[in-house]
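Each remark here refers to the structure printed beneath this line.
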Amino acid sequence: MKQYDLGPNGAMIMASDLIASKIDDLQRDVDNVNPDYLIVDTPGQIELFAYRTSGPFFVQNFNVEQKGAIFLHDGSLVTTPTNFVSMALLASSIKLRLNLPFVNVLTKIDLIEDKIRDILRWSSNIRSLEEAIAKQSDGESYTLVMNILRNLNITFIPTMRKLTRGS
Ligand SMILES: Nc1nc2c(ncn2[C@@H]2O[C@H](COP(=O)(O)OP(=O)(O)OP(=O)(O)O)[C@@H](O)[C@H]2O)c(=O)[nH]1
Ligand SMILES: [Mg+2]
C-alpha cells in the first residue's frame with residue numbers, strides 16, 4: 001500500500017497481478033526446493049485470483065508435473081441448503097475459470113458437528129437437497145435454486161470427516 005500509494009483493495013489487486021509478473025522468480029525458487037507437493041494458498045477474496053487474468057495466467061504457466069484445484073467450502077457457510085447451493089455455484093464458477101481437476105473440501109467441521117450429516121447427504125443425493133430446499137424456500141428463490149442445482153455436481157468425500165484442524 002505504501003510503495004504504490006494504494007488502498008487495501010487496490011493493494012490486493014496489485015499483489016495478485018505482481019504474482020503473475022514474478023512467475024519466473026517463483027518458478028526458480030520452487031524448482032530449487034524441488035518439493036514433492038506444492039500447495040498455493042490464494043486469498044479468500046477469490047475473485048482477485050480467479051476472475052482477473054493474472055490468476056489463471058499463473059495456473060496455466062506455472063510449470064509442475066500435475067496440477068489440481070482444491071476449493072475449501074467453509075463449513076459454517078454451508079449449513080443451510082440455499083447457502084450450500086450458493087457455495088457450490090461459486091465452486092463451479094471457479095472450476096470453469098481455472099479449468100483444472102477439482103476437489104471440494106469441507107472445512108471447519110468442528111464448528112458444524114450437528115450439520116455434517118445433512119451436508120454430506122445434500123452433496124451425495126440431489127433429491128435430499130431438493131427436499132431440504134423445498135422446506136426452506138419458496139417462490140422465485142425456490143425456482144432459482146432448483147434450476148441452479150440441477151446443473152451442479154458437488155461431492156465431498158466422507159472420509160474427509162476424519163481430518164481435524166491442523167492435520
Ligand atoms: N474452529 C475452527 N476455526 C478455524 C479452522 N480453520 C481456520 N479457523 C479460523 O477461522 C478464521 C479464518 O481463517 P481462514 O478461514 O483460514 O481464513 P484465512 O486463510 O485467514 O483468510 P482467507 O483465506 O483469505 O479468507 C481464523 O480465525 C482461523 O483460526 C477450523 O478448522 N476450525
Ligand atoms: Mg485462506
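If you're wondering about the labels, chains in the C-alpha cells are A, B, ... by order shown, residues count from 1 in each chain, ligands from 1 in order shown.
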
What do you get as a short mmCIF file (atom, residue, chain, number, x, y, z; two decimals) with N, CA, C and O atoms, in the first residue's frame if you pick all residues at most 8 Å from ligand 2, counting only C-alpha atoms and all ligand atoms?
data_model
loop_
_atom_site.label_atom_id
_atom_site.label_comp_id
_atom_site.auth_asym_id
_atom_site.auth_seq_id
_atom_site.Cartn_x
_atom_site.Cartn_y
_atom_site.Cartn_z
N ASP A 41 -1.72 -21.28 -1.59
CA ASP A 41 -2.92 -20.80 -0.90
C ASP A 41 -3.26 -19.42 -1.43
O ASP A 41 -2.44 -18.51 -1.37
N THR A 42 -4.45 -19.28 -1.97
CA THR A 42 -4.83 -17.99 -2.57
C THR A 42 -5.77 -17.23 -1.62
O THR A 42 -6.35 -17.83 -0.72
N PRO A 43 -5.94 -15.92 -1.81
CA PRO A 43 -6.76 -15.16 -0.87
C PRO A 43 -8.22 -15.62 -0.85
O PRO A 43 -8.74 -16.08 -1.86
N GLY A 44 -8.85 -15.50 0.34
CA GLY A 44 -10.27 -15.81 0.44
C GLY A 44 -11.11 -14.96 -0.50
O GLY A 44 -12.18 -15.38 -0.93
#

Counting only C-alpha atoms and all ligand atoms, what residues are within 7 Å of ligand 1, given as a PyMOL selection string? chain A and resi 42-45+74+107-111+164-165

Write a file of the selected residues as a PDB file, in the first residue's frame, keeping all heavy atoms.
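Written file, again.pdb:
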ATOM      1  N   THR A  42      -4.447 -19.277  -1.975  1.00  0.00           N
ATOM      2  CA  THR A  42      -4.829 -17.985  -2.570  1.00  0.00           C
ATOM      3  C   THR A  42      -5.768 -17.233  -1.620  1.00  0.00           C
ATOM      4  O   THR A  42      -6.349 -17.829  -0.722  1.00  0.00           O
ATOM      5  CB  THR A  42      -5.515 -18.197  -3.937  1.00  0.00           C
ATOM      6  OG1 THR A  42      -6.738 -18.903  -3.723  1.00  0.00           O
ATOM      7  CG2 THR A  42      -4.628 -18.985  -4.873  1.00  0.00           C
ATOM      8  N   PRO A  43      -5.940 -15.922  -1.809  1.00  0.00           N
ATOM      9  CA  PRO A  43      -6.763 -15.155  -0.867  1.00  0.00           C
ATOM     10  C   PRO A  43      -8.216 -15.623  -0.852  1.00  0.00           C
ATOM     11  O   PRO A  43      -8.741 -16.083  -1.865  1.00  0.00           O
ATOM     12  CB  PRO A  43      -6.695 -13.721  -1.398  1.00  0.00           C
ATOM     13  CG  PRO A  43      -5.605 -13.694  -2.396  1.00  0.00           C
ATOM     14  CD  PRO A  43      -5.415 -15.084  -2.886  1.00  0.00           C
ATOM     15  N   GLY A  44      -8.848 -15.498   0.335  1.00  0.00           N
ATOM     16  CA  GLY A  44     -10.269 -15.812   0.442  1.00  0.00           C
ATOM     17  C   GLY A  44     -11.110 -14.958  -0.497  1.00  0.00           C
ATOM     18  O   GLY A  44     -12.181 -15.377  -0.932  1.00  0.00           O
ATOM     19  N   GLN A  45     -10.635 -13.751  -0.806  1.00  0.00           N
ATOM     20  CA  GLN A  45     -11.327 -12.918  -1.811  1.00  0.00           C
ATOM     21  C   GLN A  45     -11.017 -13.524  -3.172  1.00  0.00           C
ATOM     22  O   GLN A  45     -10.186 -13.032  -3.924  1.00  0.00           O
ATOM     23  CB  GLN A  45     -10.847 -11.456  -1.759  1.00  0.00           C
ATOM     24  CG  GLN A  45     -11.287 -10.709  -0.530  1.00  0.00           C
ATOM     25  CD  GLN A  45     -10.241 -10.824   0.570  1.00  0.00           C
ATOM     26  OE1 GLN A  45      -9.470 -11.773   0.614  1.00  0.00           O
ATOM     27  NE2 GLN A  45     -10.220  -9.859   1.465  1.00  0.00           N
ATOM     28  N   ASP A  74     -16.164 -23.389   3.401  1.00  0.00           N
ATOM     29  CA  ASP A  74     -16.161 -23.070   4.827  1.00  0.00           C
ATOM     30  C   ASP A  74     -17.412 -23.673   5.469  1.00  0.00           C
ATOM     31  O   ASP A  74     -18.538 -23.284   5.148  1.00  0.00           O
ATOM     32  CB  ASP A  74     -16.147 -21.540   4.981  1.00  0.00           C
ATOM     33  CG  ASP A  74     -15.923 -21.103   6.413  1.00  0.00           C
ATOM     34  OD1 ASP A  74     -16.506 -21.728   7.325  1.00  0.00           O
ATOM     35  OD2 ASP A  74     -15.170 -20.137   6.620  1.00  0.00           O
ATOM     36  N   THR A 107     -14.452 -27.604   5.240  1.00  0.00           N
ATOM     37  CA  THR A 107     -13.526 -27.218   6.316  1.00  0.00           C
ATOM     38  C   THR A 107     -14.270 -26.809   7.587  1.00  0.00           C
ATOM     39  O   THR A 107     -15.487 -26.675   7.588  1.00  0.00           O
ATOM     40  CB  THR A 107     -12.639 -26.032   5.893  1.00  0.00           C
ATOM     41  OG1 THR A 107     -13.461 -24.883   5.740  1.00  0.00           O
ATOM     42  CG2 THR A 107     -11.892 -26.331   4.605  1.00  0.00           C
ATOM     43  N   LYS A 108     -13.515 -26.587   8.643  1.00  0.00           N
ATOM     44  CA  LYS A 108     -14.007 -26.097   9.939  1.00  0.00           C
ATOM     45  C   LYS A 108     -15.147 -26.962  10.473  1.00  0.00           C
ATOM     46  O   LYS A 108     -16.128 -26.453  11.006  1.00  0.00           O
ATOM     47  CB  LYS A 108     -14.429 -24.627   9.830  1.00  0.00           C
ATOM     48  CG  LYS A 108     -13.307 -23.744   9.313  1.00  0.00           C
ATOM     49  CD  LYS A 108     -13.647 -22.283   9.334  1.00  0.00           C
ATOM     50  CE  LYS A 108     -12.570 -21.489   8.622  1.00  0.00           C
ATOM     51  NZ  LYS A 108     -12.856 -20.090   8.454  1.00  0.00           N
ATOM     52  N   ILE A 109     -14.986 -28.275  10.297  1.00  0.00           N
ATOM     53  CA  ILE A 109     -16.087 -29.167  10.652  1.00  0.00           C
ATOM     54  C   ILE A 109     -16.312 -29.256  12.162  1.00  0.00           C
ATOM     55  O   ILE A 109     -17.369 -29.685  12.600  1.00  0.00           O
ATOM     56  CB  ILE A 109     -15.897 -30.583  10.049  1.00  0.00           C
ATOM     57  CG1 ILE A 109     -14.565 -31.170  10.498  1.00  0.00           C
ATOM     58  CG2 ILE A 109     -16.001 -30.561   8.538  1.00  0.00           C
ATOM     59  CD1 ILE A 109     -14.392 -32.615  10.074  1.00  0.00           C
ATOM     60  N   ASP A 110     -15.311 -28.822  12.951  1.00  0.00           N
ATOM     61  CA  ASP A 110     -15.527 -28.827  14.409  1.00  0.00           C
ATOM     62  C   ASP A 110     -16.630 -27.834  14.804  1.00  0.00           C
ATOM     63  O   ASP A 110     -17.228 -27.961  15.867  1.00  0.00           O
ATOM     64  CB  ASP A 110     -14.219 -28.477  15.143  1.00  0.00           C
ATOM     65  CG  ASP A 110     -13.636 -27.149  14.668  1.00  0.00           C
ATOM     66  OD1 ASP A 110     -13.418 -27.008  13.453  1.00  0.00           O
ATOM     67  OD2 ASP A 110     -13.426 -26.253  15.507  1.00  0.00           O
ATOM     68  N   LEU A 111     -16.900 -26.855  13.907  1.00  0.00           N
ATOM     69  CA  LEU A 111     -17.930 -25.855  14.218  1.00  0.00           C
ATOM     70  C   LEU A 111     -19.330 -26.307  13.803  1.00  0.00           C
ATOM     71  O   LEU A 111     -20.314 -25.650  14.134  1.00  0.00           O
ATOM     72  CB  LEU A 111     -17.608 -24.525  13.498  1.00  0.00           C
ATOM     73  CG  LEU A 111     -16.279 -23.853  13.850  1.00  0.00           C
ATOM     74  CD1 LEU A 111     -16.071 -22.610  13.011  1.00  0.00           C
ATOM     75  CD2 LEU A 111     -16.248 -23.508  15.333  1.00  0.00           C
ATOM     76  N   THR A 164      -8.865 -33.377  11.047  1.00  0.00           N
ATOM     77  CA  THR A 164      -9.170 -32.377  12.070  1.00  0.00           C
ATOM     78  C   THR A 164      -8.276 -31.191  11.859  1.00  0.00           C
ATOM     79  O   THR A 164      -7.329 -31.233  11.070  1.00  0.00           O
ATOM     80  CB  THR A 164      -8.946 -32.938  13.474  1.00  0.00           C
ATOM     81  OG1 THR A 164      -7.623 -33.419  13.540  1.00  0.00           O
ATOM     82  CG2 THR A 164      -9.922 -34.047  13.805  1.00  0.00           C
ATOM     83  N   ARG A 165      -8.562 -30.135  12.566  1.00  0.00           N
ATOM     84  CA  ARG A 165      -7.792 -28.919  12.422  1.00  0.00           C
ATOM     85  C   ARG A 165      -6.321 -29.193  12.678  1.00  0.00           C
ATOM     86  O   ARG A 165      -5.962 -29.852  13.638  1.00  0.00           O
ATOM     87  CB  ARG A 165      -8.310 -27.916  13.445  1.00  0.00           C
ATOM     88  CG  ARG A 165      -7.885 -26.522  13.151  1.00  0.00           C
ATOM     89  CD  ARG A 165      -8.568 -25.625  14.127  1.00  0.00           C
ATOM     90  NE  ARG A 165      -8.091 -24.283  13.935  1.00  0.00           N
ATOM     91  CZ  ARG A 165      -8.299 -23.319  14.805  1.00  0.00           C
ATOM     92  NH1 ARG A 165      -8.977 -23.564  15.884  1.00  0.00           N
ATOM     93  NH2 ARG A 165      -7.856 -22.124  14.573  1.00  0.00           N
TER      94      ARG A 165
END

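Closest approach to Ile119 in chain A from the set A:Glu65, A:Ala132, A:Ser54, A:Tyr4 is made by A:Ala132, with distances taken over only C-alpha atoms.
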
Which of range 25-126 of chain A DSSP labels helix (DSSP H, G or I), written as a PyMOL selection string: chain A and resi 25-33+46-50+54-61+75-77+81-98+109-111+116-124+126

Name the residues of chain A that come out as strand (DSSP E) in a backbone DSSP run; write them as a list in words.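 Assigned to strand (DSSP E), within chain A: Ala69, Ile70, Phe71, Leu72, His73, Asp74, Phe102, Val103, Asn104, Val105, Leu106 and Thr107 of chain A.
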
Computed interatomic separation between CA of Gly68 in chain A and CA of Lys95 in chain A (Å): 10.0 Å

Would you pick out the contacts of Asp17 in chain A at 10 Å or less, using only C-alpha atoms, so that residues sharing its chain but fewer than 2 positions from it are not included, and give the list as a list of chain:residue names?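 That gives A:Ala11, A:Met12, A:Ile13, A:Met14, A:Ala15, A:Ile19, A:Ala20, A:Ser21, A:Lys22, A:Leu48, A:Phe49, A:Arg52, A:Thr53, A:Ser54, A:Gly55, A:Phe57, A:Phe58.
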
Using only C-alpha atoms, the shortest atom-to-atom distance to Val145 in chain A among A:Ala50, A:Val103, A:Leu98, A:Ala88 belongs to A:Ala88

Please list as a ChimeraX atom specification every residue within 10 Å of Val40 in chain A, counting only C-alpha atoms and excluding residues in the same chain fewer than 3 positions away. /A:37,43,59,69-70

Can you write out the residues you just picked, keeping N, CA and C atoms, as a PDB file, in the first residue's frame?
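File written: out_36.pdb
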ATOM      1  N   TYR A  37       5.225 -32.008  -3.183  1.00  0.00           N
ATOM      2  CA  TYR A  37       3.925 -31.350  -3.340  1.00  0.00           C
ATOM      3  C   TYR A  37       4.094 -29.850  -3.126  1.00  0.00           C
ATOM      4  N   PRO A  43      -5.940 -15.922  -1.809  1.00  0.00           N
ATOM      5  CA  PRO A  43      -6.763 -15.155  -0.867  1.00  0.00           C
ATOM      6  C   PRO A  43      -8.216 -15.623  -0.852  1.00  0.00           C
ATOM      7  N   VAL A  59      -1.816 -20.101 -13.059  1.00  0.00           N
ATOM      8  CA  VAL A  59      -2.196 -21.522 -13.059  1.00  0.00           C
ATOM      9  C   VAL A  59      -1.716 -22.206 -14.340  1.00  0.00           C
ATOM     10  N   ALA A  69      -7.015 -28.164  -8.456  1.00  0.00           N
ATOM     11  CA  ALA A  69      -7.512 -27.091  -7.596  1.00  0.00           C
ATOM     12  C   ALA A  69      -8.256 -27.704  -6.411  1.00  0.00           C
ATOM     13  N   ILE A  70      -8.055 -27.126  -5.230  1.00  0.00           N
ATOM     14  CA  ILE A  70      -8.797 -27.551  -4.037  1.00  0.00           C
ATOM     15  C   ILE A  70      -9.658 -26.374  -3.607  1.00  0.00           C
TER      16      ILE A  70
END

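Computed from the coordinates, the CA of Ser137 in chain A to CA of Ser124 in chain A distance equals 20.6 Å.
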
Figure out the distance between CA of Trp122 in chain A and CA of Asn104 in chain A, please, to one decimal in Å.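 One can read the CA of Asn104 in chain A to CA of Trp122 in chain A distance as 13.6 Å.
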
Distance query Tyr142 in chain A at most 12 Å, only C-alpha atoms, self and fewer than 4 positions along chain excluded, as a compact mmCIF listing (two decimals) with N, CA, C and O atoms, in the first residue's frame:
# COMPACT_ATOMS: atom_id res chain seq x y z
N PRO A 81 -29.48 -25.33 3.11
CA PRO A 81 -29.47 -25.83 1.72
C PRO A 81 -29.20 -24.74 0.68
O PRO A 81 -28.45 -24.96 -0.27
N THR A 82 -29.79 -23.55 0.88
CA THR A 82 -29.56 -22.50 -0.13
C THR A 82 -28.13 -21.98 -0.08
O THR A 82 -27.52 -21.70 -1.12
N VAL A 85 -26.00 -24.47 -1.88
CA VAL A 85 -26.07 -24.33 -3.34
C VAL A 85 -25.30 -23.09 -3.81
O VAL A 85 -24.60 -23.13 -4.82
N LEU A 129 -31.33 -32.94 -1.25
CA LEU A 129 -31.07 -31.50 -1.29
C LEU A 129 -32.32 -30.75 -1.77
O LEU A 129 -32.71 -29.73 -1.22
N GLU A 130 -32.97 -31.29 -2.79
CA GLU A 130 -34.20 -30.68 -3.30
C GLU A 130 -35.27 -30.62 -2.20
O GLU A 130 -35.95 -29.61 -2.04
N GLU A 131 -35.39 -31.70 -1.46
CA GLU A 131 -36.40 -31.73 -0.38
C GLU A 131 -36.07 -30.69 0.70
O GLU A 131 -36.96 -29.99 1.19
N ALA A 132 -34.80 -30.59 1.03
CA ALA A 132 -34.39 -29.62 2.05
C ALA A 132 -34.67 -28.20 1.57
O ALA A 132 -35.11 -27.35 2.34
N ILE A 133 -34.42 -27.95 0.28
CA ILE A 133 -34.66 -26.61 -0.27
C ILE A 133 -36.16 -26.31 -0.28
O ILE A 133 -36.59 -25.19 0.04
N ALA A 134 -36.95 -27.30 -0.63
CA ALA A 134 -38.41 -27.11 -0.68
C ALA A 134 -38.94 -26.70 0.69
O ALA A 134 -39.87 -25.91 0.80
N LYS A 135 -38.32 -27.23 1.76
CA LYS A 135 -38.77 -26.89 3.11
C LYS A 135 -38.34 -25.47 3.49
O LYS A 135 -38.98 -24.81 4.30
N GLN A 136 -37.22 -25.03 2.91
CA GLN A 136 -36.64 -23.77 3.38
C GLN A 136 -37.05 -22.55 2.56
O GLN A 136 -37.10 -21.45 3.07
N SER A 137 -37.31 -22.73 1.26
CA SER A 137 -37.58 -21.54 0.43
C SER A 137 -38.79 -21.76 -0.46
O SER A 137 -39.24 -22.89 -0.68
N ASP A 138 -39.32 -20.66 -0.98
CA ASP A 138 -40.47 -20.78 -1.89
C ASP A 138 -40.39 -19.69 -2.96
O ASP A 138 -39.46 -18.89 -2.98
N MET A 146 -33.53 -24.35 -7.51
CA MET A 146 -33.75 -25.64 -8.17
C MET A 146 -33.09 -25.69 -9.55
O MET A 146 -32.45 -26.68 -9.91
N ASN A 147 -33.26 -24.60 -10.30
CA ASN A 147 -32.66 -24.56 -11.64
C ASN A 147 -31.14 -24.61 -11.57
O ASN A 147 -30.49 -25.25 -12.40
N ILE A 148 -30.59 -23.95 -10.57
CA ILE A 148 -29.13 -23.94 -10.44
C ILE A 148 -28.61 -25.32 -10.07
O ILE A 148 -27.71 -25.86 -10.70
N LEU A 149 -29.24 -25.92 -9.06
CA LEU A 149 -28.62 -27.14 -8.52
C LEU A 149 -28.70 -28.33 -9.47
O LEU A 149 -27.91 -29.25 -9.36

Which one of A:Ser16, A:Thr143, A:Ser92, A:Asn125 sits closest to Phe71 in chain A if you count only C-alpha atoms?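 Of all the options, A:Ser92 lies closest to Phe71 in chain A.
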